[in-house]
>>> print(open('coords09.pdb').read())   # PDB, C-alpha atoms
ATOM      1  CA  MET P   1     117.395  64.052  52.630
ATOM      2  CA  HIS P   2     114.983  61.866  50.682
ATOM      3  CA  ASP P   3     113.066  63.119  47.709
ATOM      4  CA  ASP P   4     110.169  60.827  48.406
ATOM      5  CA  HIS P   5     109.353  62.788  51.534
ATOM      6  CA  ASP P   6     107.560  65.266  49.362
ATOM      7  CA  HIS P   7     105.040  62.598  48.526
ATOM      8  CA  HIS P   8     104.377  61.552  52.042
ATOM      9  CA  GLU P   9     100.720  61.612  52.890
ATOM     10  CA  HIS P  10     100.486  61.342  56.648
ATOM     11  CA  HIS P  11      98.994  64.464  58.064
ATOM     12  CA  HIS P  12     100.842  64.207  61.315
ATOM     13  CA  ASP P  13     104.169  63.804  59.612
ATOM     14  CA  HIS P  14     104.764  67.528  59.341
ATOM     15  CA  ASP P  15     105.852  69.243  56.295
ATOM     16  CA  HIS P  16     108.830  67.359  55.088
ATOM     17  CA  GLY P  17     110.809  69.952  53.220
ATOM     18  CA  MET P  18     110.686  72.571  55.929
ATOM     19  CA  TYR P  19     111.953  70.295  58.655
ATOM     20  CA  GLU P  20     114.612  68.733  56.521
ATOM     21  CA  VAL P  21     116.162  71.942  55.325
ATOM     22  CA  ASP P  22     115.764  73.652  58.654
ATOM     23  CA  PRO P  23     116.993  70.944  61.009
ATOM     24  CA  LEU P  24     116.397  73.204  63.955
ATOM     25  CA  HIS P  25     112.806  72.113  64.086
ATOM     26  CA  TYR P  26     113.896  68.968  65.793
ATOM     27  CA  HIS P  27     110.811  68.851  67.968
ATOM     28  CA  PRO P  28     107.410  68.828  66.345
ATOM     29  CA  PRO P  29     105.579  72.025  67.231
ATOM     30  CA  GLN P  30     102.394  71.975  69.266
ATOM     31  CA  PRO P  31      99.424  70.970  67.125
ATOM     32  CA  ASP P  32      97.748  74.365  67.208
ATOM     33  CA  LEU P  33     101.004  76.110  66.312
ATOM     34  CA  GLU P  34     101.656  73.670  63.543
ATOM     35  CA  ASP P  35      98.474  74.660  61.796
ATOM     36  CA  SER P  36      99.000  78.386  62.110
ATOM     37  CA  LYS P  37     100.629  80.277  59.319
ATOM     38  CA  LEU P  38     104.174  81.471  59.817
ATOM     39  CA  THR P  39     104.548  85.215  60.131
ATOM     40  CA  HIS P  40     106.745  87.291  57.859
ATOM     41  CA  HIS P  41     109.418  87.562  60.535
ATOM     42  CA  GLN P  42     109.304  83.872  61.359
ATOM     43  CA  ILE P  43     109.893  83.135  57.689
ATOM     44  CA  MET P  44     112.722  85.665  57.722
ATOM     45  CA  GLN P  45     114.280  83.906  60.725
ATOM     46  CA  MET P  46     114.107  80.534  58.971
ATOM     47  CA  ALA P  47     115.526  81.985  55.755
ATOM     48  CA  VAL P  48     118.430  83.632  57.574
ATOM     49  CA  ALA P  49     119.212  80.427  59.486
ATOM     50  CA  GLU P  50     119.142  78.350  56.319
ATOM     51  CA  LEU P  51     121.294  80.799  54.365
ATOM     52  CA  LEU P  52     123.860  81.043  57.166
ATOM     53  CA  ILE P  53     123.997  77.250  57.381
ATOM     54  CA  GLU P  54     124.217  76.768  53.604
ATOM     55  CA  LYS P  55     127.044  79.267  53.424
ATOM     56  CA  GLY P  56     128.929  77.620  56.235
ATOM     57  CA  VAL P  57     128.811  80.671  58.510
ATOM     58  CA  ILE P  58     127.153  78.617  61.243
ATOM     59  CA  THR P  59     126.165  74.983  61.559
ATOM     60  CA  ALA P  60     122.876  73.539  62.707
ATOM     61  CA  ASP P  61     124.727  71.881  65.583
ATOM     62  CA  GLU P  62     126.158  75.198  66.709
ATOM     63  CA  LEU P  63     122.702  76.734  66.644
ATOM     64  CA  ARG P  64     121.228  73.911  68.691
ATOM     65  CA  ALA P  65     124.108  74.019  71.165
ATOM     66  CA  GLN P  66     123.729  77.783  71.521
ATOM     67  CA  ILE P  67     120.016  77.452  72.310
ATOM     68  CA  ASP P  68     120.772  74.726  74.870
ATOM     69  CA  PHE P  69     123.462  76.893  76.436
ATOM     70  CA  MET P  70     121.154  79.910  76.684
ATOM     71  CA  ASP P  71     118.431  77.735  78.204
ATOM     72  CA  SER P  72     120.925  76.563  80.815
ATOM     73  CA  ILE P  73     121.684  80.076  82.102
ATOM     74  CA  THR P  74     119.239  80.964  84.865
ATOM     75  CA  PRO P  75     119.168  83.484  87.728
ATOM     76  CA  ALA P  76     120.561  80.683  89.911
ATOM     77  CA  ARG P  77     124.000  81.755  88.679
ATOM     78  CA  GLY P  78     123.584  85.284  89.973
ATOM     79  CA  ALA P  79     122.061  83.935  93.184
ATOM     80  CA  THR P  80     125.132  81.758  93.757
ATOM     81  CA  LEU P  81     127.365  84.823  93.642
ATOM     82  CA  VAL P  82     125.081  86.779  95.956
ATOM     83  CA  ALA P  83     124.865  83.995  98.544
ATOM     84  CA  ARG P  84     128.645  83.593  98.487
ATOM     85  CA  ALA P  85     129.023  87.347  99.009
ATOM     86  CA  TRP P  86     126.621  87.213 101.960
ATOM     87  CA  THR P  87     128.626  84.507 103.690
ATOM     88  CA  ASP P  88     132.141  85.636 102.785
ATOM     89  CA  PRO P  89     132.838  89.371 103.234
ATOM     90  CA  ALA P  90     136.207  89.116 101.509
ATOM     91  CA  PHE P  91     134.547  87.524  98.475
ATOM     92  CA  LYS P  92     131.976  90.315  98.479
ATOM     93  CA  GLU P  93     134.750  92.898  98.290
ATOM     94  CA  ARG P  94     136.305  91.080  95.347
ATOM     95  CA  LEU P  95     132.913  90.682  93.637
ATOM     96  CA  VAL P  96     132.164  94.384  93.864
ATOM     97  CA  ALA P  97     135.707  95.252  92.738
ATOM     98  CA  ASP P  98     135.806  92.909  89.718
ATOM     99  CA  SER P  99     132.928  90.536  89.158
ATOM    100  CA  ARG P 100     134.606  88.649  86.336
ATOM    101  CA  LYS P 101     137.605  87.741  88.481
ATOM    102  CA  ALA P 102     135.403  86.846  91.438
ATOM    103  CA  GLY P 103     133.250  84.622  89.226
ATOM    104  CA  ALA P 104     136.345  82.878  87.915
ATOM    105  CA  GLU P 105     137.230  81.909  91.496
ATOM    106  CA  ILE P 106     134.223  79.604  91.503
ATOM    107  CA  ASP P 107     134.560  78.651  87.815
ATOM    108  CA  MET P 108     131.716  80.900  86.735
ATOM    109  CA  GLU P 109     132.199  82.566  83.360
ATOM    110  CA  LEU P 110     130.691  86.053  83.241
ATOM    111  CA  GLY P 111     131.256  86.722  79.546
ATOM    112  CA  PRO P 112     133.097  89.469  77.694
ATOM    113  CA  ILE P 113     131.014  92.466  78.804
ATOM    114  CA  PRO P 114     131.878  93.940  82.215
ATOM    115  CA  ILE P 115     129.190  93.526  84.878
ATOM    116  CA  LEU P 116     129.293  96.023  87.728
ATOM    117  CA  VAL P 117     127.887  94.682  90.989
ATOM    118  CA  MET P 118     126.016  97.420  92.853
ATOM    119  CA  GLU P 119     125.636  96.735  96.547
ATOM    120  CA  ASN P 120     122.458  97.621  98.420
ATOM    121  CA  THR P 121     123.053  99.004 101.920
ATOM    122  CA  PRO P 122     120.765 100.239 104.703
ATOM    123  CA  THR P 123     120.927 103.684 103.076
ATOM    124  CA  VAL P 124     121.225 102.916  99.340
ATOM    125  CA  HIS P 125     119.027 100.840  97.048
ATOM    126  CA  ASN P 126     120.019 100.104  93.437
ATOM    127  CA  LEU P 127     117.838  99.493  90.396
ATOM    128  CA  ILE P 128     118.908  98.564  86.870
ATOM    129  CA  VAL P 129     117.308  99.400  83.543
ATOM    130  CA  CYS P 130     118.326  99.719  79.910
ATOM    131  CA  THR P 131     116.479 102.776  78.603
ATOM    132  CA  LEU P 132     117.905 102.428  75.090
ATOM    133  CA  CYS P 133     117.074  98.801  74.525
ATOM    134  CA  SER P 134     117.415  95.698  76.681
ATOM    135  CA  CYS P 135     121.007  95.268  77.887
ATOM    136  CA  TYR P 136     120.969  92.903  80.847
ATOM    137  CA  PRO P 137     123.462  90.723  82.738
ATOM    138  CA  LYS P 138     122.388  87.670  80.749
ATOM    139  CA  MET P 139     125.345  85.571  81.821
ATOM    140  CA  LEU P 140     124.101  85.789  85.411
ATOM    141  CA  LEU P 141     120.327  86.075  85.009
ATOM    142  CA  GLY P 142     119.458  84.477  81.661
ATOM    143  CA  THR P 143     117.024  86.081  79.245
ATOM    144  CA  PRO P 144     115.423  89.297  80.511
ATOM    145  CA  PRO P 145     111.714  89.198  81.405
ATOM    146  CA  ASP P 146     109.290  90.969  79.076
ATOM    147  CA  TRP P 147     108.652  93.801  81.503
ATOM    148  CA  TYR P 148     112.354  94.707  81.539
ATOM    149  CA  LYS P 149     112.135  95.287  77.784
ATOM    150  CA  SER P 150     108.801  97.103  77.931
ATOM    151  CA  ARG P 151     108.390 100.710  76.853
ATOM    152  CA  SER P 152     106.839 101.573  80.190
ATOM    153  CA  TYR P 153     109.747 100.249  82.273
ATOM    154  CA  ARG P 154     112.340 101.835  79.995
ATOM    155  CA  ARG P 155     110.608 105.210  80.179
ATOM    156  CA  ARG P 156     109.625 105.293  83.829
ATOM    157  CA  ALA P 157     112.465 103.541  85.666
ATOM    158  CA  ILE P 158     114.629 106.661  85.541
ATOM    159  CA  SER P 159     111.942 109.307  86.041
ATOM    160  CA  GLU P 160     109.696 107.760  88.688
ATOM    161  CA  PRO P 161     111.550 104.719  90.021
ATOM    162  CA  ARG P 162     109.759 104.689  93.366
ATOM    163  CA  LYS P 163     106.401 104.358  91.642
ATOM    164  CA  VAL P 164     107.833 101.606  89.488
ATOM    165  CA  LEU P 165     109.094  99.759  92.560
ATOM    166  CA  ALA P 166     105.671 100.125  94.170
ATOM    167  CA  GLU P 167     104.132  98.318  91.196
ATOM    168  CA  PHE P 168     106.402  95.402  92.043
ATOM    169  CA  GLY P 169     105.227  95.552  95.637
ATOM    170  CA  THR P 170     108.455  97.135  96.869
ATOM    171  CA  THR P 171     108.176 100.201  99.060
ATOM    172  CA  LEU P 172     111.325 102.113  99.948
ATOM    173  CA  SER P 173     111.288 104.538 102.799
ATOM    174  CA  ASP P 174     112.044 108.112 101.786
ATOM    175  CA  ASP P 175     115.353 108.219 103.608
ATOM    176  CA  ILE P 176     116.817 105.458 101.435
ATOM    177  CA  GLU P 177     118.679 106.803  98.433
ATOM    178  CA  LEU P 178     117.563 105.131  95.198
ATOM    179  CA  ARG P 179     120.217 104.851  92.488
ATOM    180  CA  VAL P 180     119.130 103.842  89.006
ATOM    181  CA  HIS P 181     121.779 102.427  86.668
ATOM    182  CA  ASP P 182     121.234 102.640  82.918
ATOM    183  CA  SER P 183     122.929  99.751  81.146
ATOM    184  CA  THR P 184     124.755  99.994  77.842
ATOM    185  CA  ALA P 185     126.157  97.649  75.242
ATOM    186  CA  ASP P 186     129.512  97.847  77.025
ATOM    187  CA  MET P 187     128.495  97.907  80.686
ATOM    188  CA  ARG P 188     125.972  95.780  82.546
ATOM    189  CA  TYR P 189     124.860  95.834  86.153
ATOM    190  CA  LEU P 190     123.772  93.364  88.809
ATOM    191  CA  VAL P 191     122.230  94.396  92.120
ATOM    192  CA  LEU P 192     123.700  92.784  95.212
ATOM    193  CA  PRO P 193     120.733  92.792  97.599
ATOM    194  CA  MET P 194     121.030  92.930 101.383
ATOM    195  CA  ARG P 195     120.896  89.690 103.290
ATOM    196  CA  PRO P 196     117.502  89.521 105.016
ATOM    197  CA  GLU P 197     117.215  89.397 108.797
ATOM    198  CA  GLY P 198     116.597  86.069 110.428
ATOM    199  CA  THR P 199     118.812  84.079 108.077
ATOM    200  CA  ASP P 200     121.777  83.588 110.397
ATOM    201  CA  GLY P 201     121.511  79.831 110.522
ATOM    202  CA  MET P 202     121.152  79.327 106.782
ATOM    203  CA  ASP P 203     123.885  77.861 104.619
ATOM    204  CA  GLU P 204     124.930  79.203 101.245
ATOM    205  CA  ALA P 205     122.625  76.958  99.216
ATOM    206  CA  ALA P 206     119.594  77.891 101.307
ATOM    207  CA  LEU P 207     120.488  81.574 101.089
ATOM    208  CA  ALA P 208     120.814  81.361  97.306
ATOM    209  CA  ARG P 209     117.227  80.184  97.088
ATOM    210  CA  LEU P 210     116.080  83.501  98.613
ATOM    211  CA  VAL P 211     117.738  85.487  95.836
ATOM    212  CA  THR P 212     115.324  85.950  92.966
ATOM    213  CA  ARG P 213     115.894  87.491  89.566
ATOM    214  CA  ASP P 214     113.845  90.539  90.574
ATOM    215  CA  CYS P 215     116.061  91.097  93.634
ATOM    216  CA  MET P 216     119.116  91.218  91.399
ATOM    217  CA  VAL P 217     117.444  93.721  89.046
ATOM    218  CA  GLY P 218     116.437  95.749  92.090
ATOM    219  CA  VAL P 219     112.648  95.728  91.763
ATOM    220  CA  ALA P 220     112.333  93.464  94.792
ATOM    221  CA  VAL P 221     114.195  92.638  97.986
ATOM    222  CA  PRO P 222     114.829  89.114  99.315
ATOM    223  CA  GLN P 223     112.334  87.746 101.814
ATOM    224  CA  SER P 224     113.422  85.314 104.504
TER     225      SER P 224
ATOM    226  CA  MET D   1     108.080 119.585  73.032
ATOM    227  CA  THR D   2     111.361 119.941  71.196
ATOM    228  CA  ASP D   3     112.654 116.496  71.869
ATOM    229  CA  ARG D   4     115.236 115.624  69.262
ATOM    230  CA  ARG D   5     115.974 112.218  70.629
ATOM    231  CA  ARG D   6     115.463 109.256  68.356
ATOM    232  CA  HIS D   7     112.603 106.959  69.122
ATOM    233  CA  HIS D   8     114.533 104.241  70.949
ATOM    234  CA  ASP D   9     116.036 106.790  73.352
ATOM    235  CA  MET D  10     112.997 106.780  75.605
ATOM    236  CA  GLY D  11     114.340 107.063  79.153
ATOM    237  CA  GLY D  12     112.233 109.521  81.141
ATOM    238  CA  VAL D  13     109.643 110.093  78.408
ATOM    239  CA  PRO D  14     106.255 110.572  80.138
ATOM    240  CA  GLU D  15     104.333 107.316  80.205
ATOM    241  CA  ALA D  16     101.093 106.515  81.960
ATOM    242  CA  ASP D  17     101.032 102.759  81.394
ATOM    243  CA  PRO D  18     101.881 100.506  84.317
ATOM    244  CA  ILE D  19     104.732  98.044  83.913
ATOM    245  CA  PRO D  20     103.243  95.008  82.148
ATOM    246  CA  GLN D  21     103.633  92.189  84.643
ATOM    247  CA  GLU D  22     102.413  89.360  82.469
ATOM    248  CA  GLY D  23     105.234  87.740  80.564
ATOM    249  CA  HIS D  24     105.373  85.169  77.845
ATOM    250  CA  THR D  25     107.482  82.088  77.417
ATOM    251  CA  SER D  26     109.994  82.473  74.631
ATOM    252  CA  GLU D  27     108.781  80.798  71.461
ATOM    253  CA  PRO D  28     111.199  78.502  69.629
ATOM    254  CA  TRP D  29     111.631  80.935  66.752
ATOM    255  CA  GLU D  30     112.506  83.701  69.231
ATOM    256  CA  LYS D  31     115.158  81.529  70.839
ATOM    257  CA  ARG D  32     116.599  80.848  67.406
ATOM    258  CA  VAL D  33     116.823  84.588  66.709
ATOM    259  CA  ASP D  34     118.675  85.013  69.998
ATOM    260  CA  ALA D  35     121.012  82.121  69.183
ATOM    261  CA  ILE D  36     121.728  83.326  65.634
ATOM    262  CA  LYS D  37     122.622  86.753  67.006
ATOM    263  CA  ALA D  38     124.895  85.235  69.656
ATOM    264  CA  LEU D  39     126.716  83.032  67.146
ATOM    265  CA  LEU D  40     127.244  85.881  64.676
ATOM    266  CA  SER D  41     128.695  87.958  67.515
ATOM    267  CA  ASP D  42     131.013  85.321  68.960
ATOM    268  CA  ASN D  43     134.784  85.303  68.625
ATOM    269  CA  LYS D  44     134.711  82.665  65.923
ATOM    270  CA  ARG D  45     132.656  84.853  63.569
ATOM    271  CA  LYS D  46     132.806  88.458  64.770
ATOM    272  CA  LEU D  47     130.175  89.422  62.187
ATOM    273  CA  LEU D  48     127.902  91.484  64.398
ATOM    274  CA  THR D  49     128.699  93.734  67.349
ATOM    275  CA  THR D  50     126.131  94.779  69.928
ATOM    276  CA  ASP D  51     126.361  98.333  68.630
ATOM    277  CA  GLU D  52     125.728  97.258  65.042
ATOM    278  CA  MET D  53     122.798  95.200  66.243
ATOM    279  CA  ARG D  54     121.319  98.153  68.105
ATOM    280  CA  ARG D  55     121.906 100.564  65.254
ATOM    281  CA  GLY D  56     120.011  98.148  62.999
ATOM    282  CA  ILE D  57     117.080  98.177  65.414
ATOM    283  CA  GLU D  58     117.128 101.954  65.789
ATOM    284  CA  ASP D  59     117.226 102.452  62.016
ATOM    285  CA  LEU D  60     113.932 100.626  61.608
ATOM    286  CA  GLY D  61     112.192 103.908  62.373
ATOM    287  CA  ALA D  62     109.601 104.795  64.966
ATOM    288  CA  ASP D  63     106.690 103.180  63.159
ATOM    289  CA  ALA D  64     108.256  99.758  62.723
ATOM    290  CA  TYR D  65     109.797  99.995  66.188
ATOM    291  CA  GLU D  66     106.319 100.250  67.683
ATOM    292  CA  ARG D  67     104.651  97.720  65.401
ATOM    293  CA  TYR D  68     107.254  94.983  65.555
ATOM    294  CA  SER D  69     107.649  92.742  68.545
ATOM    295  CA  TYR D  70     111.014  92.552  70.272
ATOM    296  CA  TYR D  71     112.327  89.578  68.321
ATOM    297  CA  GLU D  72     110.833  90.863  65.087
ATOM    298  CA  ARG D  73     113.031  93.924  65.530
ATOM    299  CA  TRP D  74     115.948  91.657  66.272
ATOM    300  CA  ILE D  75     115.646  89.450  63.198
ATOM    301  CA  ALA D  76     115.113  92.537  61.032
ATOM    302  CA  SER D  77     118.365  94.026  62.357
ATOM    303  CA  VAL D  78     120.325  90.765  62.034
ATOM    304  CA  THR D  79     119.098  90.416  58.453
ATOM    305  CA  ASN D  80     119.919  93.993  57.478
ATOM    306  CA  ASN D  81     123.374  93.701  59.020
ATOM    307  CA  MET D  82     124.097  90.487  57.103
ATOM    308  CA  LEU D  83     122.898  92.101  53.864
ATOM    309  CA  GLU D  84     125.177  95.087  54.462
ATOM    310  CA  LYS D  85     128.101  92.781  55.085
ATOM    311  CA  LYS D  86     127.253  90.788  51.964
ATOM    312  CA  VAL D  87     127.004  87.537  53.882
ATOM    313  CA  PHE D  88     124.025  86.928  51.608
ATOM    314  CA  THR D  89     122.253  89.046  49.012
ATOM    315  CA  VAL D  90     118.757  90.492  48.893
ATOM    316  CA  ASP D  91     118.089  88.177  45.987
ATOM    317  CA  GLU D  92     119.141  85.081  47.934
ATOM    318  CA  LEU D  93     117.065  86.175  50.891
ATOM    319  CA  GLY D  94     114.009  86.877  48.774
ATOM    320  CA  ARG D  95     114.204  83.543  47.017
ATOM    321  CA  LYS D  96     114.745  81.661  50.264
ATOM    322  CA  MET D  97     111.785  83.352  51.934
ATOM    323  CA  ALA D  98     109.555  82.617  48.933
ATOM    324  CA  GLU D  99     110.699  79.000  49.033
ATOM    325  CA  ILE D 100     109.872  78.683  52.731
ATOM    326  CA  GLU D 101     106.491  80.298  52.196
ATOM    327  CA  ALA D 102     105.760  77.905  49.342
ATOM    328  CA  ARG D 103     106.706  74.922  51.488
ATOM    329  CA  GLN D 104     104.244  76.148  54.058
ATOM    330  CA  ASP D 105     101.479  76.707  51.513
ATOM    331  CA  ASN D 106     101.916  73.180  50.174
ATOM    332  CA  LYS D 107     101.690  71.744  53.622
ATOM    333  CA  PRO D 108      98.828  69.272  53.980
ATOM    334  CA  LEU D 109      96.524  70.325  56.771
TER     335      LEU D 109
END
>>> encode(input="coords09.pdb", output="structure tokens")
Amino acid sequence: MHDDHDHHEHHHDHDHGMYEVDPLHYHPPQPDLEDSKLTHHQIMQMAVAELLIEKGVITADELRAQIDFMDSITPARGATLVARAWTDPAFKERLVADSRKAGAEIDMELGPIPILVMENTPTVHNLIVCTLCSCYPKMLLGTPPDWYKSRSYRRRAISEPRKVLAEFGTTLSDDIELRVHDSTADMRYLVLPMRPEGTDGMDEAALARLVTRDCMVGVAVPQS
Amino acid sequence: MTDRRRHHDMGGVPEADPIPQEGHTSEPWEKRVDAIKALLSDNKRKLLTTDEMRRGIEDLGADAYERYSYYERWIASVTNNMLEKKVFTVDELGRKMAEIEARQDNKPL
């Protein structure tokens, strides 16, 4: 940290103090963001980060590593499990019985919170929601999309799920039972979709590419 | 309607709005809120459980719950939980926020 930074005059050289004390701003923001005023909650976030770092509760490196780790978790992880289950019936049984153990078989860490894998069948379709907040199988799907956290989804997914599915372009015939699973802080869900027809010749990697995030939440079904 | 549920407990409440399909890409400050929460909750620190986090969000009250964005609610809950656990004081927080605001105000544009 150099005191003389405060006397720097280059406009493009960002605001010194802020980026020194909060080392998390390691990339310069976009120009139009840079010129906009921080909101109250953004200032609160920076203050909390700086206080936690100053007090040795966390380090800047840990914070950066955590962000990198969270960025690295994508729905491809969930899709890997689904494609394996499609091609290996014994694995599917183990996945449905205990997803954490099944994940460990292929060196995939599912985290401390149990994730129940709900299997779609020709007669049952599963949908997941968190009506109370936003619990989500993050270790398999990454950060939840905005709509999953929206008031409308949280309210309607349990009272009119078929209408909700229709808004995602998914129509279920009336004879298919629709089960909606409400997540909690201690229990998460992942939908195991049905393997689409016409995919007999596909290998696991190709199958995994058919499995989208929305299929594993249950608002969509895989298309071949 | 005699609905005694608290505001966050909204499953099944009548709602006419369609599901908002447009999303947004997480902003850097939102990712930092997420990461701070994860670190405080990990086994090394054990300073914040998911239930404590949620209780902090639910205690914001219906008005703030509606006005704040998702990650605004999150940072408010993280902050209140850390204050309760005396990880830092209100005074330290207030001074730090004023300092950050001043840095911003002094920023050459």
>>> interface_residues(input="coords09.pdb", of="chain P", to="chain D", cutoff="6 Å", atoms="all atoms listed in the file", output="MDAnalysis selection string")
chainID P and resid 15 41 47 66:67 131:132 146:147 152:156 158:159
>>> write_last_selection(input="coords09.pdb", atoms="C-alpha atoms", output="CSV table (one decimal), in the frame of the given file")
chain,number,residue,atom,x,y,z
P,15,ASP,CA,105.9,69.2,56.3
P,41,HIS,CA,109.4,87.6,60.5
P,47,ALA,CA,115.5,82.0,55.8
P,66,GLN,CA,123.7,77.8,71.5
P,67,ILE,CA,120.0,77.5,72.3
P,131,THR,CA,116.5,102.8,78.6
P,132,LEU,CA,117.9,102.4,75.1
P,146,ASP,CA,109.3,91.0,79.1
P,147,TRP,CA,108.7,93.8,81.5
P,152,SER,CA,106.8,101.6,80.2
P,153,TYR,CA,109.7,100.2,82.3
P,154,ARG,CA,112.3,101.8,80.0
P,155,ARG,CA,110.6,105.2,80.2
P,156,ARG,CA,109.6,105.3,83.8
P,158,ILE,CA,114.6,106.7,85.5
P,159,SER,CA,111.9,109.3,86.0
>>> atom_distance(input="coords09.pdb", atom1="CA of Arg213 (chain P)", atom2="CA of Ile73 (chain P)")
12.0 Å
>>> atom_distance(input="coords09.pdb", atom1="CA of Asp71 (chain P)", atom2="CA of Cys135 (chain P)")
17.7 Å
>>> atom_distance(input="coords09.pdb", atom1="CA of Lys149 (chain P)", atom2="CA of Gly56 (chain D)")
17.0 Å
>>> resolve_selection(input="coords09.pdb", expression="the PyMOL selection byres ((chain P and resi 118) around 6)", output="ChimeraX atom specification")
/P:117,119,191-192
>>> write_last_selection(input="coords09.pdb", atoms="C-alpha atoms", output="compact mmCIF listing (two decimals), keeping the file's coordinate frame")
# COMPACT_ATOMS: atom_id res chain seq x y z
CA VAL P 117 127.89 94.68 90.99
CA GLU P 119 125.64 96.74 96.55
CA VAL P 191 122.23 94.40 92.12
CA LEU P 192 123.70 92.78 95.21
>>> resolve_selection(input="coords09.pdb", expression="the PyMOL selection byres ((chain P and resi 223) around 9)", output="tab-separated table (two decimals) with C-alpha atoms, in the frame of the given file")
chain	number	residue	atom	x	y	z
P	195	ARG	CA	120.90	89.69	103.29
P	196	PRO	CA	117.50	89.52	105.02
P	197	GLU	CA	117.22	89.40	108.80
P	210	LEU	CA	116.08	83.50	98.61
P	211	VAL	CA	117.74	85.49	95.84
P	221	VAL	CA	114.20	92.64	97.99
P	222	PRO	CA	114.83	89.11	99.32
P	224	SER	CA	113.42	85.31	104.50
>>> closest_residue(input="coords09.pdb", among="P:Pro89, P:Pro137, P:Gly103, P:Pro144", to="Ser183 (chain P)", atoms="all atoms listed in the file")
P:Pro137
>>> closest_residue(input="coords09.pdb", among="P:Glu177, P:Glu109, P:Glu167, P:Asp214", to="Leu140 (chain P)", atoms="all atoms listed in the file")
P:Glu109
>>> axis_aligned_box(input="coords09.pdb", around="region 76-81 of chain D", padding_each_side="6 Å", output="lines of an AutoDock Vina configuration file")
center_x = 119.2
center_y = 92.2
center_z = 59.9
size_x = 20.3
size_y = 15.6
size_z = 16.9
>>> closest_residue(input="coords09.pdb", among="P:Ala205, P:Val129, P:Pro114, P:Thr87", to="Arg100 (chain P)", atoms="all atoms listed in the file")
P:Pro114
>>> residues_around(input="coords09.pdb", residues="Asn120 (chain P)", least_positions_apart="3", cutoff="9 Å", atoms="only C-alpha atoms", output="number ranges by chain")
P: 123-126, 191-194, 218
>>> residues_around(input="coords09.pdb", residues="Lys101 (chain P)", least_positions_apart="2", cutoff="12 Å", atoms="all atoms listed in the file", output="list in words")
Leu81, Phe91, Lys92, Glu93, Arg94, Leu95, Val96, Ala97, Asp98, Ser99, Gly103, Ala104, Glu105, Ile106, Asp107, Met108, Glu109, Leu110, Gly111, Pro112, Pro114, Ile115 and Leu116 of chain P
>>> resolve_selection(input="coords09.pdb", expression="the PyMOL selection byres ((chain P and resi 204) around 7)", output="PyMOL selection string")
chain P and resi 83-84+87+202-203+205-208
